[in-house]
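Reproduced below: input_6.tsv, with TSV, C-alpha atoms and all ligand atoms.
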chain	number	residue	atom	x	y	z
A	1	MET	CA	109.00	209.59	3.52
A	2	ARG	CA	108.23	211.66	6.60
A	3	VAL	CA	108.50	209.96	9.99
A	4	PHE	CA	106.83	211.20	13.17
A	5	VAL	CA	107.61	209.56	16.48
A	6	ALA	CA	105.09	210.53	19.15
A	7	ASP	CA	106.60	212.52	21.95
A	8	HIS	CA	103.95	212.78	24.63
A	9	PRO	CA	104.01	211.58	28.25
A	10	LEU	CA	100.52	210.04	28.01
A	11	ILE	CA	101.57	207.95	25.01
A	12	THR	CA	104.77	206.82	26.76
A	13	HIS	CA	102.77	205.96	29.87
A	14	LYS	CA	100.21	203.90	27.94
A	15	LEU	CA	103.01	202.22	25.97
A	16	THR	CA	104.71	201.22	29.22
A	17	VAL	CA	101.57	199.41	30.41
A	18	LEU	CA	101.15	197.85	26.96
A	19	ARG	CA	104.72	196.54	26.94
A	20	ASN	CA	104.37	194.95	30.39
A	21	ALA	CA	104.04	191.17	29.96
A	22	GLN	CA	101.74	191.14	33.05
A	23	THR	CA	99.12	193.37	31.43
A	24	PRO	CA	95.93	191.31	30.93
A	25	GLN	CA	94.31	190.98	27.50
A	26	PRO	CA	91.28	193.27	28.11
A	27	THR	CA	93.59	196.08	29.26
A	28	PHE	CA	95.92	195.44	26.31
A	29	ARG	CA	93.02	195.76	23.84
A	30	LEU	CA	91.76	198.94	25.43
A	31	LEU	CA	95.22	200.50	25.44
A	32	ILE	CA	95.87	199.71	21.77
A	33	GLU	CA	92.60	201.45	20.95
A	34	GLU	CA	93.38	204.47	23.14
A	35	LEU	CA	96.90	204.77	21.73
A	36	MET	CA	95.49	204.60	18.23
A	37	THR	CA	93.19	207.55	18.94
A	38	LEU	CA	96.13	209.58	20.22
A	39	LEU	CA	98.27	208.64	17.19
A	40	ALA	CA	95.34	209.35	14.84
A	41	TYR	CA	95.37	212.95	16.00
A	42	GLU	CA	98.94	213.32	14.70
A	43	ALA	CA	98.34	211.16	11.61
A	44	THR	CA	95.36	213.21	10.40
A	45	ARG	CA	97.08	216.59	10.67
A	46	GLU	CA	96.94	216.89	6.85
A	47	VAL	CA	93.63	215.15	6.21
A	48	ARG	CA	91.96	216.90	3.27
A	49	VAL	CA	89.10	219.23	4.11
A	50	GLU	CA	86.97	221.69	2.15
A	51	PRO	CA	85.16	224.86	3.25
A	52	HIS	CA	81.71	224.23	4.72
A	53	GLU	CA	79.19	226.96	5.40
A	54	ILE	CA	76.95	226.68	8.44
A	55	GLU	CA	74.87	228.90	10.67
A	56	THR	CA	75.55	228.99	14.38
A	57	PRO	CA	72.67	230.15	16.62
A	58	VAL	CA	74.28	233.59	16.32
A	59	ALA	CA	75.70	234.05	12.81
A	60	PRO	CA	76.66	232.35	9.55
A	61	THR	CA	80.25	231.15	9.44
A	62	THR	CA	82.52	229.01	7.31
A	63	GLY	CA	84.13	225.91	8.80
A	64	VAL	CA	85.43	222.76	7.12
A	65	ARG	CA	84.34	219.21	6.42
A	66	LEU	CA	86.25	216.19	5.09
A	67	SER	CA	86.68	216.32	1.30
A	68	HIS	CA	85.52	213.61	-1.09
A	69	PRO	CA	86.77	211.05	-1.82
A	70	LEU	CA	86.67	210.38	1.92
A	71	PRO	CA	89.79	209.04	3.62
A	72	LEU	CA	90.16	205.28	3.61
A	73	ILE	CA	91.29	203.42	6.73
A	74	VAL	CA	92.98	200.08	6.01
A	75	PRO	CA	93.76	197.83	8.98
A	76	ILE	CA	96.21	195.04	8.11
A	77	LEU	CA	94.78	191.72	9.34
A	78	ARG	CA	94.89	190.56	11.97
A	79	ALA	CA	96.62	192.80	14.53
A	80	GLY	CA	95.66	196.03	12.71
A	81	LEU	CA	92.02	195.27	13.56
A	82	GLY	CA	92.81	196.09	17.18
A	83	MET	CA	93.56	199.67	16.11
A	84	LEU	CA	90.48	200.20	13.95
A	85	GLU	CA	87.98	201.41	16.57
A	86	GLY	CA	90.48	203.89	17.95
A	87	MET	CA	90.87	205.45	14.50
A	88	VAL	CA	87.17	205.36	13.59
A	89	LYS	CA	86.37	207.18	16.84
A	90	LEU	CA	88.32	210.16	15.58
A	91	VAL	CA	87.27	209.97	11.90
A	92	PRO	CA	83.80	208.40	12.00
A	93	THR	CA	82.89	209.26	8.40
A	94	ALA	CA	86.00	207.63	6.90
A	95	GLU	CA	85.54	204.47	4.85
A	96	VAL	CA	87.20	201.22	5.90
A	97	GLY	CA	88.87	198.62	3.69
A	98	PHE	CA	90.68	195.44	4.73
A	99	LEU	CA	93.96	193.90	3.68
A	100	GLY	CA	95.38	190.56	4.84
A	101	MET	CA	99.08	189.99	4.23
A	102	VAL	CA	100.94	186.72	4.78
A	103	ARG	CA	104.48	185.61	4.02
A	104	ASP	CA	104.69	183.05	1.20
A	105	GLU	CA	106.62	180.16	2.76
A	106	GLU	CA	108.41	179.40	-0.55
A	107	THR	CA	109.37	182.85	-1.80
A	108	LEU	CA	109.38	184.45	1.71
A	109	GLU	CA	107.71	187.45	0.05
A	110	PRO	CA	104.60	188.98	1.65
A	111	THR	CA	101.50	188.23	-0.41
A	112	THR	CA	97.88	189.34	-0.14
A	113	TYR	CA	95.51	186.64	1.15
A	114	ALA	CA	92.46	188.84	1.75
A	115	GLU	CA	91.40	192.13	0.29
A	116	ARG	CA	88.28	194.25	0.51
A	117	LEU	CA	89.15	197.60	-1.02
A	118	PRO	CA	87.73	199.84	-3.76
A	119	ASP	CA	89.23	198.93	-7.19
A	120	ASP	CA	90.16	202.53	-7.82
A	121	LEU	CA	91.89	204.49	-5.09
A	122	SER	CA	92.67	207.54	-7.25
A	123	GLY	CA	92.84	210.68	-5.20
A	124	ARG	CA	92.38	208.80	-1.92
A	125	GLN	CA	94.21	209.50	1.29
A	126	CYS	CA	94.80	206.09	2.88
A	127	PHE	CA	95.61	205.38	6.53
A	128	VAL	CA	97.17	201.94	7.03
A	129	LEU	CA	97.03	200.45	10.52
A	130	ASP	CA	99.53	197.85	11.72
A	131	PRO	CA	100.69	197.92	15.34
A	132	MET	CA	104.17	196.46	14.77
A	133	LEU	CA	106.60	197.77	12.14
A	134	ALA	CA	109.16	194.97	12.56
A	135	THR	CA	111.00	193.92	9.35
A	136	GLY	CA	108.65	196.17	7.39
A	137	GLY	CA	107.98	193.52	4.73
A	138	SER	CA	104.20	193.30	5.01
A	139	LEU	CA	103.64	197.01	5.56
A	140	ALA	CA	105.84	197.83	2.55
A	141	ALA	CA	103.82	195.37	0.45
A	142	ALA	CA	100.56	196.90	1.70
A	143	ILE	CA	101.72	200.41	0.80
A	144	LYS	CA	102.78	199.27	-2.69
A	145	PHE	CA	99.39	197.56	-3.11
A	146	LEU	CA	97.57	200.83	-2.32
A	147	PHE	CA	99.73	202.88	-4.70
A	148	ASP	CA	99.17	200.28	-7.44
A	149	ARG	CA	95.42	200.83	-6.94
A	150	GLY	CA	95.88	204.56	-7.47
A	151	ALA	CA	96.27	205.96	-3.93
A	152	ASP	CA	98.34	209.14	-3.95
A	153	ASP	CA	98.92	209.69	-0.24
A	154	VAL	CA	99.50	206.92	2.30
A	155	THR	CA	99.98	207.30	6.05
A	156	ALA	CA	101.11	204.23	8.00
A	157	ILE	CA	100.33	204.23	11.73
A	158	CYS	CA	102.21	201.81	13.99
A	159	VAL	CA	102.39	201.54	17.76
A	160	LEU	CA	106.06	200.44	17.66
A	161	GLY	CA	108.69	200.50	14.93
A	162	THR	CA	112.34	199.58	14.33
A	163	PRO	CA	115.08	201.37	12.39
A	164	GLU	CA	115.20	198.34	10.05
A	165	GLY	CA	111.47	198.61	9.33
A	166	VAL	CA	111.69	202.36	8.72
A	167	GLU	CA	114.46	201.78	6.16
A	168	VAL	CA	112.39	199.16	4.31
A	169	LEU	CA	109.42	201.54	4.14
A	170	GLU	CA	111.68	204.36	2.89
A	171	LYS	CA	112.66	202.13	-0.05
A	172	ALA	CA	109.07	201.07	-0.72
A	173	ALA	CA	107.92	204.70	-0.78
A	174	GLU	CA	110.11	205.35	-3.87
A	175	GLY	CA	109.66	209.09	-3.58
A	176	ARG	CA	105.86	208.91	-3.29
A	177	LYS	CA	103.93	210.63	-0.52
A	178	VAL	CA	104.25	208.31	2.48
A	179	THR	CA	104.03	209.39	6.12
A	180	LEU	CA	104.87	207.12	9.03
A	181	VAL	CA	103.52	207.82	12.52
A	182	LEU	CA	104.99	205.76	15.37
A	183	GLY	CA	104.19	205.56	19.07
A	184	ALA	CA	107.88	204.77	19.69
A	185	LEU	CA	110.97	203.78	17.74
A	186	ASP	CA	112.48	200.73	19.47
A	187	GLU	CA	116.06	199.40	19.39
A	188	GLY	CA	115.66	196.76	16.68
A	189	LEU	CA	114.82	193.12	16.04
A	190	ASN	CA	115.95	189.95	17.80
A	191	GLU	CA	116.85	186.71	16.00
A	192	HIS	CA	113.16	185.73	15.84
A	193	ALA	CA	112.22	189.06	14.20
A	194	TYR	CA	110.51	190.30	17.39
A	195	ILE	CA	110.82	193.97	18.21
A	196	VAL	CA	113.15	194.67	21.18
A	197	PRO	CA	112.09	195.68	23.81
A	198	GLY	CA	108.71	195.58	22.00
A	199	LEU	CA	105.60	194.11	23.50
A	200	GLY	CA	105.61	190.53	22.18
A	201	ASP	CA	103.19	189.28	19.55
A	202	ALA	CA	100.56	191.99	19.19
A	203	GLY	CA	98.04	189.70	17.43
A	204	ASP	CA	98.34	187.04	20.13
A	205	ARG	CA	98.05	189.58	22.94
A	206	LEU	CA	94.94	191.08	21.31
A	207	TYR	CA	93.19	187.92	20.20
A	208	GLY	CA	94.89	184.88	21.77
A	209	THR	CA	97.20	182.31	20.19
A	210	ILE	CA	94.89	180.81	17.54
A	301	LIG	N1	104.94	191.32	15.15
A	301	LIG	C1	104.57	191.37	16.46
A	301	LIG	O1	103.40	191.20	16.80
A	301	LIG	N2	105.53	191.57	17.38
A	301	LIG	C2	106.83	191.78	17.06
A	301	LIG	O2	107.65	192.00	17.97
A	301	LIG	C3	107.19	191.72	15.70
A	301	LIG	C4	106.22	191.50	14.76
Write-out of the structure in structure tokens:
Amino acid sequence: MRVFVADHPLITHKLTVLRNAQTPQPTFRLLIEELMTLLAYEATREVRVEPHEIETPVAPTTGVRLSHPLPLIVPILRAGLGMLEGMVKLVPTAEVGFLGMVRDEETLEPTTYAERLPDDLSGRQCFVLDPMLATGGSLAAAIKFLFDRGADDVTAICVLGTPEGVEVLEKAAEGRKVTLVLGALDEGLNEHAYIVPGLGDAGDRLYGTI
């Protein structure tokens, strides 16, 4: 698995405002979206394209366009939804699928509670959005789910991550093509599985405590 941690002063600046407990909800939402657009630039560095011939007002030339099957963006419900618009802004022709993961209270394993994805993901590049890579359990399950459906290239994009979460994803990748793009790699997890220093509960800060 390849891991990219963003190293850009604008990203660090926006992350600082995002982390601040005083930042109001509308600003928090806007910043998640803006950060996503900046991270999407890095995450799509290897998006598949094919030659595309056009004519400028001056001369014919060959550029590129996204190859088919088009990339699939998969926000993990619910907090991943906050990142969706930021990604779609950069890749407006991508398709979007949805995956809801929840921890089974008996087995403590992440299970899928909602899913709206093509049955066959053969040949698809998938971009999974989840702001917080904490223990890594649900993101690892989401990545396995996509590979089981036939995906051959998965990029996970997270605003914050932990060394523990990265290790769990490494194991889940099992040698397949997985790329992880992080806004920052934080110190680790506290006893409540919150990222430290982190930014608190991303879903609650985006959408309230329901
Ligand atoms: N999920 C969050 O929203 N925040 C954390 O710190 C950990 C998991």
Check: What would the list of residues within 10 Å of (97.9, 200.9, -1.2) (file frame) look like as a count of residues only, if all atoms listed in the file are what count?
Finding: 26
Notebook entry, point to check: What gap, in Å, lies between CA of Leu206 (chain A) and atom N2 of ligand LIG 301 (chain A)?
Noted result: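 Here the two named atoms are 11.3 Å from each other.
Between CA of Ile11 (chain A) and CA of Ile32 (chain A) lies a distance of 10.5 Å.
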Check: Of the residues A:Gly183, A:Lys171, A:His192, A:Leu133, which is the one nearest to Leu18 (chain A), using all atoms listed in the file?
Finding: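 Distance minimum relative to Leu18 (chain A) lands on A:Gly183.
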Margin query: From (117.2, 204.4, 8.6), in the file's coordinates, out to 12 Å: which residues are reached, counting all atoms listed in the file? Answer as a list in words.
Written below: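 I get Met1, Arg2, Val3, Gly136, Gly161, Thr162, Pro163, Glu164, Gly165, Val166, Glu167, Val168, Leu169, Glu170, Lys171, Leu185, Glu187 and Gly188 of chain A for the residues within 12 Å of that point.
Selection of all polymer residues within 7 Å of ligand LIG 301 (chain A) on the basis of all atoms listed in the file gives Met132, Leu133, Ala134, Ala193, Tyr194, Ile195, Val196, Gly198, Leu199, Gly200, Asp201, Ala202 and Gly203 of chain A.
Between CA of Gly100 (chain A) and CA of Leu84 (chain A) lies a distance of 14.1 Å.
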Next item on the list: Skip Lys14 (chain A) itself and residues of its chain fewer than 4 positions away, then list as an NGL selection string all residues within 8 Å of it, counting all atoms listed in the file.
Entry: :A and (10 or 18 or 31 or 35)
